[in-house]
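Pasting work_18.pdb here (PDB, C-alpha atoms):
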ATOM      1  CA  MET E 429      58.991  16.847  50.454
ATOM      2  CA  ALA E 430      60.141  14.187  48.020
ATOM      3  CA  ALA E 431      57.231  12.382  46.415
ATOM      4  CA  THR E 432      59.147  10.185  43.987
ATOM      5  CA  ILE E 433      57.983   6.568  43.699
ATOM      6  CA  ALA E 434      60.035   4.096  41.683
ATOM      7  CA  LEU E 435      58.565   2.806  38.451
ATOM      8  CA  MET E 436      58.742  -0.800  39.629
ATOM      9  CA  ASP E 437      57.240   0.002  43.024
ATOM     10  CA  GLY E 438      54.300  -2.142  44.078
ATOM     11  CA  ALA E 439      52.092   0.960  44.051
ATOM     12  CA  TYR E 440      51.942   0.841  40.256
ATOM     13  CA  PHE E 441      50.462  -2.669  40.329
ATOM     14  CA  VAL E 442      47.354  -1.721  42.314
ATOM     15  CA  GLY E 443      44.206  -2.427  40.278
ATOM     16  CA  ARG E 444      41.373  -0.023  39.500
ATOM     17  CA  THR E 445      38.909  -1.878  41.749
ATOM     18  CA  GLU E 446      41.061  -1.340  44.831
ATOM     19  CA  LEU E 447      41.705   2.306  43.910
ATOM     20  CA  LEU E 448      38.018   3.140  43.421
ATOM     21  CA  SER E 449      37.086   1.330  46.624
ATOM     22  CA  TRP E 450      39.695   3.341  48.523
ATOM     23  CA  LEU E 451      38.422   6.668  47.157
ATOM     24  CA  ASN E 452      34.749   5.862  47.757
ATOM     25  CA  ASP E 453      35.345   4.587  51.303
ATOM     26  CA  PHE E 454      37.541   7.477  52.417
ATOM     27  CA  LEU E 455      35.807  10.367  50.647
ATOM     28  CA  LYS E 456      32.260   8.928  50.811
ATOM     29  CA  MET E 457      31.835   9.450  47.060
ATOM     30  CA  ASN E 458      30.417   7.324  44.231
ATOM     31  CA  PHE E 459      33.100   6.731  41.599
ATOM     32  CA  THR E 460      32.461   3.803  39.253
ATOM     33  CA  LYS E 461      35.194   4.451  36.670
ATOM     34  CA  VAL E 462      38.783   5.645  36.832
ATOM     35  CA  GLU E 463      37.984   8.233  34.151
ATOM     36  CA  GLU E 464      35.498   9.945  36.502
ATOM     37  CA  THR E 465      38.388  11.136  38.692
ATOM     38  CA  ALA E 466      39.791  13.273  35.855
ATOM     39  CA  SER E 467      38.218  16.425  37.326
ATOM     40  CA  GLY E 468      40.868  16.540  40.055
ATOM     41  CA  ALA E 469      38.305  17.180  42.823
ATOM     42  CA  ALA E 470      39.053  13.894  44.594
ATOM     43  CA  ALA E 471      42.800  14.571  44.525
ATOM     44  CA  CYS E 472      42.207  18.007  46.046
ATOM     45  CA  GLN E 473      40.279  16.530  48.975
ATOM     46  CA  ILE E 474      42.887  13.801  49.493
ATOM     47  CA  MET E 475      45.481  16.573  49.812
ATOM     48  CA  ASP E 476      43.161  18.400  52.216
ATOM     49  CA  ALA E 477      43.047  15.268  54.378
ATOM     50  CA  MET E 478      46.851  14.896  54.400
ATOM     51  CA  PHE E 479      47.680  18.613  54.797
ATOM     52  CA  PRO E 480      44.848  20.418  56.626
ATOM     53  CA  GLY E 481      44.643  24.112  55.845
ATOM     54  CA  LYS E 482      46.711  23.892  52.654
ATOM     55  CA  VAL E 483      43.799  23.391  50.242
ATOM     56  CA  PRO E 484      41.054  26.029  49.743
ATOM     57  CA  LEU E 485      38.413  23.334  49.323
ATOM     58  CA  GLY E 486      35.681  25.892  48.710
ATOM     59  CA  LYS E 487      37.256  26.702  45.330
ATOM     60  CA  VAL E 488      37.087  23.075  44.152
ATOM     61  CA  ASN E 489      34.263  22.269  41.735
ATOM     62  CA  PHE E 490      32.956  18.782  42.583
ATOM     63  CA  ASN E 491      30.429  18.979  39.714
ATOM     64  CA  ALA E 492      32.987  19.741  36.988
ATOM     65  CA  LYS E 493      32.131  18.153  33.625
ATOM     66  CA  GLN E 494      34.256  20.048  31.072
ATOM     67  CA  GLU E 495      38.020  20.390  30.608
ATOM     68  CA  TYR E 496      38.075  24.110  31.428
ATOM     69  CA  GLU E 497      36.395  23.288  34.759
ATOM     70  CA  PHE E 498      38.966  20.564  35.406
ATOM     71  CA  LEU E 499      41.795  23.075  34.887
ATOM     72  CA  ASN E 500      40.563  25.240  37.755
ATOM     73  CA  ASN E 501      40.655  22.239  40.128
ATOM     74  CA  TYR E 502      44.188  21.346  39.052
ATOM     75  CA  LYS E 503      45.308  24.925  39.686
ATOM     76  CA  VAL E 504      44.056  24.552  43.259
ATOM     77  CA  LEU E 505      45.839  21.186  43.518
ATOM     78  CA  GLN E 506      49.146  22.576  42.192
ATOM     79  CA  THR E 507      48.966  25.485  44.639
ATOM     80  CA  SER E 508      48.403  23.058  47.529
ATOM     81  CA  PHE E 509      51.430  21.022  46.396
ATOM     82  CA  GLN E 510      53.573  24.138  46.562
ATOM     83  CA  LYS E 511      52.250  25.114  50.012
ATOM     84  CA  ALA E 512      52.821  21.606  51.381
ATOM     85  CA  GLY E 513      56.247  21.324  49.746
ATOM     86  CA  VAL E 514      55.314  18.290  47.637
ATOM     87  CA  ASP E 515      57.777  17.964  44.766
ATOM     88  CA  LYS E 516      55.624  16.239  42.159
ATOM     89  CA  PHE E 517      54.827  17.146  38.556
ATOM     90  CA  ILE E 518      51.105  16.960  37.710
ATOM     91  CA  PRO E 519      50.476  15.944  34.058
ATOM     92  CA  VAL E 520      47.409  18.163  33.755
ATOM     93  CA  ASP E 521      47.276  18.090  29.941
ATOM     94  CA  LYS E 522      46.927  14.289  30.049
ATOM     95  CA  LEU E 523      44.639  13.979  33.054
ATOM     96  CA  VAL E 524      41.988  16.408  31.779
ATOM     97  CA  LYS E 525      41.537  14.212  28.668
ATOM     98  CA  ALA E 526      39.976  11.575  30.979
ATOM     99  CA  LYS E 527      42.033   8.728  29.505
ATOM    100  CA  TYR E 528      42.044   5.502  31.488
ATOM    101  CA  GLN E 529      45.791   4.770  31.617
ATOM    102  CA  ASP E 530      46.889   8.310  32.550
ATOM    103  CA  ASN E 531      44.367   8.653  35.362
ATOM    104  CA  LEU E 532      45.089   5.110  36.594
ATOM    105  CA  GLU E 533      48.803   5.852  37.009
ATOM    106  CA  TRP E 534      47.971   9.154  38.718
ATOM    107  CA  LEU E 535      45.633   7.405  41.191
ATOM    108  CA  GLN E 536      48.271   4.733  41.854
ATOM    109  CA  TRP E 537      50.799   7.415  42.774
ATOM    110  CA  LEU E 538      48.241   9.340  44.859
ATOM    111  CA  LYS E 539      47.309   6.256  46.907
ATOM    112  CA  ALA E 540      50.965   5.353  47.490
ATOM    113  CA  PHE E 541      51.699   8.915  48.640
ATOM    114  CA  PHE E 542      48.619   8.867  50.879
ATOM    115  CA  ASP E 543      49.674   5.559  52.461
ATOM    116  CA  ARG E 544      53.123   6.961  53.227
ATOM    117  CA  THR E 545      51.959  10.355  54.486
ATOM    118  CA  GLY E 546      48.735   9.380  56.233
ATOM    119  CA  ALA E 547      45.762  11.472  57.306
ATOM    120  CA  SER E 548      43.962  12.267  60.515
ATOM    121  CA  PRO E 549      41.726   9.350  61.631
ATOM    122  CA  GLU E 550      39.082  11.908  62.635
ATOM    123  CA  TYR E 551      38.829  13.380  59.124
ATOM    124  CA  ASP E 552      35.181  13.490  58.008
ATOM    125  CA  ALA E 553      35.040  13.985  54.243
ATOM    126  CA  VAL E 554      31.315  14.799  54.072
ATOM    127  CA  ALA E 555      31.450  17.286  56.961
ATOM    128  CA  ARG E 556      34.529  18.934  55.449
ATOM    129  CA  ARG E 557      32.781  19.426  52.101
ATOM    130  CA  LYS E 558      29.754  20.920  53.810
ATOM    131  CA  GLU E 559      31.947  23.191  55.896
ATOM    132  CA  ALA E 560      33.708  24.458  52.761
ATOM    133  CA  GLY E 561      30.400  24.952  50.913
ATOM    134  CA  CYS E 562      31.081  22.336  48.245
ATOM    135  CA  ASN E 563      28.001  21.389  46.252
ATOM    136  CA  TYR E 564      28.555  17.645  45.837
ATOM    137  CA  PRO E 565      25.257  15.871  44.889
ATOM    138  CA  GLY E 566      26.043  12.822  47.020
ATOM    139  CA  ASP E 567      25.991  14.942  50.201
ATOM    140  CA  LYS E 568      22.377  16.087  49.783
ATOM    141  CA  ALA E 569      20.956  12.819  51.146
ATOM    142  CA  ALA E 570      22.925  13.277  54.342
ATOM    143  CA  GLY E 571      21.699  16.861  54.649
ATOM    144  CA  GLY E 572      18.026  15.863  54.426
ATOM    145  CA  SER E 573      18.079  13.945  57.688
ATOM    146  CA  ALA E 574      17.365  17.093  59.720
ATOM    147  CA  LYS E 575      13.739  17.354  58.565
ATOM    148  CA  PRO E 576      12.341  14.483  60.662
ATOM    149  CA  ALA E 577      13.946  16.024  63.744
ATOM    150  CA  ALA E 578      12.132  19.297  63.082
ATOM    151  CA  THR E 579       8.858  17.416  62.652
ATOM    152  CA  THR E 580       9.444  15.568  65.909
ATOM    153  CA  ALA E 581      10.204  18.809  67.695
ATOM    154  CA  ALA E 582       6.991  20.331  66.374
ATOM    155  CA  ALA E 583       4.864  17.434  67.648
ATOM    156  CA  PRO E 584       4.984  18.471  71.362
ATOM    157  CA  LYS E 585       3.923  21.982  70.385
ATOM    158  CA  ARG E 586       0.832  20.664  68.623
ATOM    159  CA  ALA E 587       0.074  18.416  71.601
ATOM    160  CA  ALA E 588       0.434  21.367  73.971
ATOM    161  CA  ALA E 589      -1.870  23.498  71.818
ATOM    162  CA  THR E 590      -4.460  20.702  71.775
ATOM    163  CA  SER E 591      -4.345  20.252  75.538
ATOM    164  CA  ALA E 592      -4.656  24.021  76.048
ATOM    165  CA  ALA E 593      -7.926  24.202  74.093
ATOM    166  CA  PRO E 594     -11.033  24.665  76.349
ATOM    167  CA  ALA E 595     -13.208  21.633  77.001
ATOM    168  CA  PRO E 596     -16.638  21.717  75.212
ATOM    169  CA  THR E 597     -19.653  22.585  77.341
ATOM    170  CA  VAL E 598     -22.476  20.188  78.143
ATOM    171  CA  ALA E 599     -24.873  22.066  75.877
ATOM    172  CA  ALA E 600     -22.490  21.859  72.925
ATOM    173  CA  THR E 601     -22.058  18.151  73.537
ATOM    174  CA  THR E 602     -25.821  17.631  73.607
ATOM    175  CA  ARG E 603     -26.307  19.532  70.346
ATOM    176  CA  THR E 604     -23.563  17.528  68.672
ATOM    177  CA  THR E 605     -25.082  14.218  69.833
ATOM    178  CA  THR E 606     -28.563  15.237  68.619
ATOM    179  CA  THR E 607     -27.256  16.295  65.231
ATOM    180  CA  THR E 608     -25.307  13.063  64.818
ATOM    181  CA  THR E 609     -28.352  10.948  65.727
ATOM    182  CA  THR E 610     -30.595  12.828  63.270
ATOM    183  CA  THR E 611     -28.059  12.485  60.464
ATOM    184  CA  ALA E 612     -27.675   8.754  61.119
ATOM    185  CA  ALA E 613     -31.466   8.281  61.032
ATOM    186  CA  ARG E 614     -31.740  10.081  57.702
ATOM    187  CA  THR E 615     -28.933   8.008  56.236
ATOM    188  CA  THR E 616     -30.558   4.757  57.378
ATOM    189  CA  THR E 617     -33.935   5.797  55.934
ATOM    190  CA  ALA E 618     -32.411   6.728  52.572
ATOM    191  CA  ALA E 619     -30.443   3.518  52.324
ATOM    192  CA  ALA E 620     -33.322   1.188  53.231
ATOM    193  CA  PRO E 621     -34.971   0.853  49.733
ATOM    194  CA  LYS E 622     -31.739  -0.439  48.150
ATOM    195  CA  PRO E 623     -32.226  -4.117  49.106
ATOM    196  CA  ALA E 624     -35.704  -4.004  47.569
ATOM    197  CA  ALA E 625     -34.185  -2.907  44.271
ATOM    198  CA  ALA E 626     -31.953  -5.955  44.323
ATOM    199  CA  GLU E 627     -34.902  -8.370  44.664
ATOM    200  CA  PRO E 628     -35.648  -8.592  40.892
ATOM    201  CA  ASP E 629     -32.068  -9.794  40.376
ATOM    202  CA  ARG E 630     -32.551 -12.560  42.915
ATOM    203  CA  ARG E 631     -35.905 -13.543  41.380
ATOM    204  CA  MET E 632     -34.322 -13.551  37.932
ATOM    205  CA  SER E 633     -31.564 -15.870  39.087
ATOM    206  CA  VAL E 634     -34.099 -18.475  40.306
ATOM    207  CA  ALA E 635     -36.636 -18.083  37.457
ATOM    208  CA  VAL E 636     -37.587 -21.166  35.454
ATOM    209  CA  GLY E 637     -37.612 -19.369  32.070
ATOM    210  CA  GLY E 638     -35.115 -20.516  29.445
ATOM    211  CA  GLY E 639     -33.786 -16.963  28.945
ATOM    212  CA  SER E 640     -32.818 -16.619  32.581
ATOM    213  CA  ARG E 641     -31.037 -19.976  32.567
ATOM    214  CA  GLY E 642     -29.161 -19.029  29.426
ATOM    215  CA  VAL E 643     -27.878 -15.763  30.947
ATOM    216  CA  THR E 644     -26.801 -17.476  34.147
ATOM    217  CA  SER E 645     -24.881 -20.225  32.366
ATOM    218  CA  ALA E 646     -23.207 -17.780  29.958
ATOM    219  CA  ASN E 647     -21.979 -15.585  32.802
ATOM    220  CA  SER E 648     -20.736 -18.532  34.852
ATOM    221  CA  THR E 649     -18.505 -19.880  32.033
ATOM    222  CA  LYS E 650     -16.321 -16.726  31.917
ATOM    223  CA  PRO E 651     -14.761 -17.096  35.400
ATOM    224  CA  ALA E 652     -14.206 -20.799  34.738
ATOM    225  CA  ALA E 653     -12.338 -20.066  31.495
ATOM    226  CA  THR E 654     -10.257 -17.363  33.188
ATOM    227  CA  SER E 655      -9.318 -19.704  36.036
ATOM    228  CA  ALA E 656      -8.291 -22.426  33.580
ATOM    229  CA  GLY E 657      -6.079 -19.998  31.641
ATOM    230  CA  ALA E 658      -4.414 -18.741  34.813
ATOM    231  CA  ALA E 659      -3.765 -22.311  35.971
ATOM    232  CA  ALA E 660      -2.211 -23.187  32.613
ATOM    233  CA  THR E 661       0.037 -20.097  32.765
ATOM    234  CA  ASP E 662       1.156 -20.961  36.301
ATOM    235  CA  ARG E 663       1.911 -24.496  35.182
ATOM    236  CA  ARG E 664       4.053 -23.303  32.265
ATOM    237  CA  LEU E 665       5.916 -20.864  34.509
ATOM    238  CA  SER E 666       6.610 -23.542  37.109
ATOM    239  CA  LEU E 667       8.010 -25.825  34.388
ATOM    240  CA  ALA E 668      10.207 -23.076  32.913
ATOM    241  CA  ARG E 669      11.528 -21.774  36.243
ATOM    242  CA  PRO E 670      14.281 -24.419  36.719
ATOM    243  CA  VAL E 671      15.590 -23.745  33.201
ATOM    244  CA  VAL E 672      15.616 -19.977  33.765
ATOM    245  CA  ASP E 673      17.326 -20.357  37.159
ATOM    246  CA  ALA E 674      20.007 -22.562  35.614
ATOM    247  CA  GLN E 675      20.636 -20.012  32.852
ATOM    248  CA  VAL E 676      20.869 -17.162  35.362
ATOM    249  CA  THR E 677      23.374 -19.126  37.458
ATOM    250  CA  LYS E 678      25.463 -19.941  34.393
ATOM    251  CA  LEU E 679      25.510 -16.349  33.157
ATOM    252  CA  THR E 680      26.375 -15.038  36.631
ATOM    253  CA  GLN E 681      29.325 -17.419  36.790
ATOM    254  CA  GLN E 682      30.481 -16.293  33.330
ATOM    255  CA  VAL E 683      30.303 -12.632  34.358
ATOM    256  CA  THR E 684      32.374 -13.356  37.474
ATOM    257  CA  GLU E 685      34.987 -15.197  35.433
ATOM    258  CA  LEU E 686      35.164 -12.352  32.911
ATOM    259  CA  LYS E 687      35.664  -9.803  35.684
ATOM    260  CA  LEU E 688      38.534 -11.833  37.109
ATOM    261  CA  ALA E 689      40.037 -12.185  33.637
ATOM    262  CA  VAL E 690      39.823  -8.427  33.067
ATOM    263  CA  ASP E 691      41.521  -7.678  36.400
ATOM    264  CA  ASN E 692      44.328 -10.138  35.652
ATOM    265  CA  THR E 693      44.763  -8.713  32.163
ATOM    266  CA  GLU E 694      45.020  -5.191  33.539
ATOM    267  CA  LYS E 695      47.686  -6.247  36.031
ATOM    268  CA  GLU E 696      49.682  -8.030  33.331
ATOM    269  CA  ARG E 697      49.364  -5.047  30.999
ATOM    270  CA  ASP E 698      50.644  -2.658  33.668
ATOM    271  CA  PHE E 699      53.520  -5.004  34.488
ATOM    272  CA  TYR E 700      54.749  -5.383  30.906
ATOM    273  CA  TYR E 701      54.207  -1.712  30.192
ATOM    274  CA  ALA E 702      56.550  -0.880  33.063
ATOM    275  CA  LYS E 703      59.091  -3.364  31.690
ATOM    276  CA  LEU E 704      58.977  -1.739  28.250
ATOM    277  CA  CYS E 705      59.508   1.683  29.794
ATOM    278  CA  ASP E 706      62.590   0.406  31.623
ATOM    279  CA  ILE E 707      63.976  -1.116  28.413
ATOM    280  CA  GLU E 708      63.364   2.109  26.521
ATOM    281  CA  GLU E 709      65.200   4.130  29.176
ATOM    282  CA  LEU E 710      68.105   1.671  29.030
ATOM    283  CA  ILE E 711      68.308   2.048  25.233
ATOM    284  CA  GLU E 712      68.344   5.827  25.549
ATOM    285  CA  ARG E 713      71.279   5.668  27.969
ATOM    286  CA  HIS E 714      73.265   3.396  25.563
ATOM    287  CA  LYS E 715      72.461   4.935  22.196
ATOM    288  CA  GLY E 716      75.865   4.183  20.653
ATOM    289  CA  ASP E 717      75.938   0.545  21.703
ATOM    290  CA  PRO E 718      75.282  -1.909  18.807
ATOM    291  CA  LEU E 719      73.512  -4.306  21.183
ATOM    292  CA  ALA E 720      71.179  -1.511  22.286
ATOM    293  CA  ALA E 721      70.466  -0.748  18.650
ATOM    294  CA  LYS E 722      69.519  -4.368  17.986
ATOM    295  CA  ILE E 723      67.233  -4.404  21.029
ATOM    296  CA  ALA E 724      65.594  -1.183  19.807
ATOM    297  CA  ALA E 725      65.038  -2.708  16.377
ATOM    298  CA  ILE E 726      63.315  -5.725  17.957
ATOM    299  CA  LEU E 727      61.353  -3.570  20.386
ATOM    300  CA  PHE E 728      59.897  -1.265  17.715
ATOM    301  CA  ASP E 729      59.518  -3.886  14.997
ATOM    302  CA  GLY E 730      55.940  -3.958  13.683
ATOM    303  CA  ALA E 731      55.016  -0.533  15.102
ATOM    304  CA  GLU E 732      54.230   0.684  11.583
ATOM    305  CA  ASP E 733      51.660  -2.084  11.123
ATOM    306  CA  ASN E 734      49.964  -1.024  14.368
ATOM    307  CA  GLY E 735      49.571   2.548  13.113
ATOM    308  CA  GLY E 736      51.649   4.252  15.831
ATOM    309  CA  ASP E 737      53.337   7.444  14.595
ATOM    310  CA  LYS E 738      55.758   7.680  17.491
ATOM    311  CA  GLY E 739      56.626   4.000  17.282
ATOM    312  CA  THR E 740      57.279   4.317  13.545
ATOM    313  CA  ALA E 741      59.622   7.244  14.015
ATOM    314  CA  ASP E 742      61.518   5.497  16.807
ATOM    315  CA  ALA E 743      61.775   2.285  14.795
ATOM    316  CA  GLY E 744      63.125   4.176  11.793
ATOM    317  CA  ALA E 745      65.679   5.964  13.942
ATOM    318  CA  ALA E 746      66.737   2.749  15.654
ATOM    319  CA  SER E 747      66.926   0.620  12.483
ATOM    320  CA  GLU E 748      69.803   2.648  10.988
ATOM    321  CA  PRO E 749      72.385   1.910  13.739
ATOM    322  CA  ALA E 750      71.111  -1.673  13.825
ATOM    323  CA  ALA E 751      71.815  -2.102  10.111
ATOM    324  CA  ALA E 752      75.234  -0.519  10.510
ATOM    325  CA  ALA E 753      76.025  -2.903  13.362
ATOM    326  CA  VAL E 754      75.039  -5.901  11.237
ATOM    327  CA  GLU E 755      77.289  -4.720   8.376
ATOM    328  CA  GLU E 756      80.219  -4.291  10.803
ATOM    329  CA  GLU E 757      79.821  -7.849  12.034
ATOM    330  CA  GLN E 758      79.686  -9.173   8.457
ATOM    331  CA  GLU E 759      82.912  -7.334   7.598
ATOM    332  CA  GLU E 760      84.650  -8.855  10.639
ATOM    333  CA  TYR E 761      83.723 -12.326   9.427
TER     334      TYR E 761
END

Final C-alpha cells representation of the file:
Amino acid sequence: MAATIALMDGAYFVGRTELLSWLNDFLKMNFTKVEETASGAAACQIMDAMFPGKVPLGKVNFNAKQEYEFLNNYKVLQTSFQKAGVDKFIPVDKLVKAKYQDNLEWLQWLKAFFDRTGASPEYDAVARRKEAGCNYPGDKAAGGSAKPAATTAAAPKRAAATSAAPAPTVAATTRTTTTTTTTAARTTTAAAPKPAAAEPDRRMSVAVGGGSRGVTSANSTKPAATSAGAAATDRRLSLARPVVDAQVTKLTQQVTELKLAVDNTEKERDFYYAKLCDIEELIERHKGDPLAAKIAAILFDGAEDNGGDKGTADAGAASEPAAAAVEEEQEEY
C-alpha cells in the first residue's frame, strides 16, 4: 500500500494544536506536547485502529520514558507496517530523540494517512487497551467506576440480613427502656450544678467595683478593634478589585494574542521550510547549471555565521561553481 504524501500536500500544514486534539479525542489520551508522542505508542494504536489484528498491542509500552523503551514500540510499529503492506520509512533514530520538528512531521503524515485509510467507527481506544492489557495511567479512572456498583449490589444483602434478624422480646424492650431512663436521670443530676458555677461570673459582670468595670471594658474593646480592622481590609479589597480584574483581563488578552502569533509563526515556518527543501532538491538535480550554483550560493550564504556545520559545508561546495560561473561571464564581456 503506497503511503507517499507530497511535500507540498496540505497535510504538512496542519498545526500542533489540531494534531494533539485529534490524538486525544480519538485515543482518549492526554498529550499536551508534540514531543510526548515520541514513544511511538500512539502511532501503534492508530495503526491498530486502521488495521485490526495487525498490531500486537499488548507488547506496546504506553509508559515508556527512555529511548531504549521507545525502540521496542517502533519495532512493533515497523512489524505492523510490514503486515499491513504500508510502504513507509519510519525515521526511528530521529523520532526517539523527541525533537519537536521531527515528531511534528511524523504526526502530520500519520494523520493524513489515517484520514485517507479510515478506521472503524465502533473502535473504542480505552476498551482496546484494557483488552490488550496495556497499563496506561489514564485508563485507571475509567476502571474504578465498578466499585460503586459492587457497593450498591451489597446494599440489598445487608437490608435482607437486617430484616431477617429476630424481633426483640417485650422483656428486652422493657429492660432497655429502664436502663435508658436511669442513665438519663443520672446525666441530668450530674449536669445540674453547672449553672450554679456560672453565677459568680454573672455577679462579677454586674458588680459596682472599679476592678470589675475595668475588666469588662478591656475585654469589650478587643472585638471592636478586630471588627474595625476587618472592615478596613474589606474596604481596601473592594477598592483594589476593579484594578485587579482589569489587569487579569488585559493579561488574558495578551496570552490569547501570543498563542495566535505562535500558531501563525509555526505555520509560516513549516511553509517556508518546505519551500527551501524544494529549492534544495532542484539544485541537486541541476548541479552543473551556473544558475543553480548562484541560487545555491544565495541560499547558503550566512550559514557559517549561524553556526551550522552542514550549511557551511554546502555553502563552501556551492560557492566554487558560483565563482567559476561569475568568471566565465566576465570573460564573455

Mind telling me what the PyMOL selection byres ((chain E and resi 474-489) around 8) catches here, as a compact mmCIF listing (two decimals) with C-alpha atoms, in the frame of the given file?
# COMPACT_ATOMS: atom_id res chain seq x y z
CA LEU E 455 35.81 10.37 50.65
CA ALA E 469 38.30 17.18 42.82
CA ALA E 470 39.05 13.89 44.59
CA ALA E 471 42.80 14.57 44.52
CA CYS E 472 42.21 18.01 46.05
CA GLN E 473 40.28 16.53 48.98
CA PHE E 490 32.96 18.78 42.58
CA ASN E 491 30.43 18.98 39.71
CA ALA E 492 32.99 19.74 36.99
CA GLU E 497 36.40 23.29 34.76
CA ASN E 500 40.56 25.24 37.76
CA ASN E 501 40.66 22.24 40.13
CA VAL E 504 44.06 24.55 43.26
CA LEU E 505 45.84 21.19 43.52
CA THR E 507 48.97 25.48 44.64
CA SER E 508 48.40 23.06 47.53
CA LYS E 511 52.25 25.11 50.01
CA ALA E 512 52.82 21.61 51.38
CA PHE E 542 48.62 8.87 50.88
CA THR E 545 51.96 10.36 54.49
CA GLY E 546 48.74 9.38 56.23
CA ALA E 547 45.76 11.47 57.31
CA SER E 548 43.96 12.27 60.52
CA TYR E 551 38.83 13.38 59.12
CA ARG E 557 32.78 19.43 52.10
CA ALA E 560 33.71 24.46 52.76
CA GLY E 561 30.40 24.95 50.91
CA CYS E 562 31.08 22.34 48.24
CA ASN E 563 28.00 21.39 46.25

Run through the PyMOL selection byres ((chain E and resi 496) around 12) on the given coordinates and return the selected residues as an mmCIF file with C-alpha atoms, in the frame of the given file.
data_model
loop_
_atom_site.group_PDB
_atom_site.id
_atom_site.type_symbol
_atom_site.label_atom_id
_atom_site.label_comp_id
_atom_site.auth_asym_id
_atom_site.auth_seq_id
_atom_site.Cartn_x
_atom_site.Cartn_y
_atom_site.Cartn_z
ATOM 1 C CA ALA E 466 39.791 13.273 35.855
ATOM 2 C CA SER E 467 38.218 16.425 37.326
ATOM 3 C CA GLY E 468 40.868 16.540 40.055
ATOM 4 C CA ASN E 489 34.263 22.269 41.735
ATOM 5 C CA ALA E 492 32.987 19.741 36.988
ATOM 6 C CA LYS E 493 32.131 18.153 33.625
ATOM 7 C CA GLN E 494 34.256 20.048 31.072
ATOM 8 C CA GLU E 495 38.020 20.390 30.608
ATOM 9 C CA GLU E 497 36.395 23.288 34.759
ATOM 10 C CA PHE E 498 38.966 20.564 35.406
ATOM 11 C CA LEU E 499 41.795 23.075 34.887
ATOM 12 C CA ASN E 500 40.563 25.240 37.755
ATOM 13 C CA ASN E 501 40.655 22.239 40.128
ATOM 14 C CA TYR E 502 44.188 21.346 39.052
ATOM 15 C CA LYS E 503 45.308 24.925 39.686
ATOM 16 C CA VAL E 520 47.409 18.163 33.755
ATOM 17 C CA ASP E 521 47.276 18.090 29.941
ATOM 18 C CA VAL E 524 41.988 16.408 31.779
ATOM 19 C CA LYS E 525 41.537 14.212 28.668
#

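Atom to atom, atom CA of E:Glu463 and atom CA of E:Ala526 stand 5.0 Å apart.
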
> By how many Å are atom CA of E:Val514 and atom CA of E:Gln536 apart?
Replying inline: 16.3 Å

Six-sided padding of 3 Å per side, axis-aligned box over stretch 539-549 of chain E, centre and edges in Å, one decimal, as JSON:
{"center_x": 47.4, "center_y": 8.8, "center_z": 54.3, "size_x": 17.4, "size_y": 12.9, "size_z": 20.7}

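For the pair atom CA of E:Lys558 and atom CA of E:Thr465, the interatomic distance is 20.0 Å.
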
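Each of E:Asp552, E:Leu447, E:Pro565, E:Leu667 was compared to E:Ala540 using all atoms listed in the file, and E:Leu447 turns out to be the nearest.
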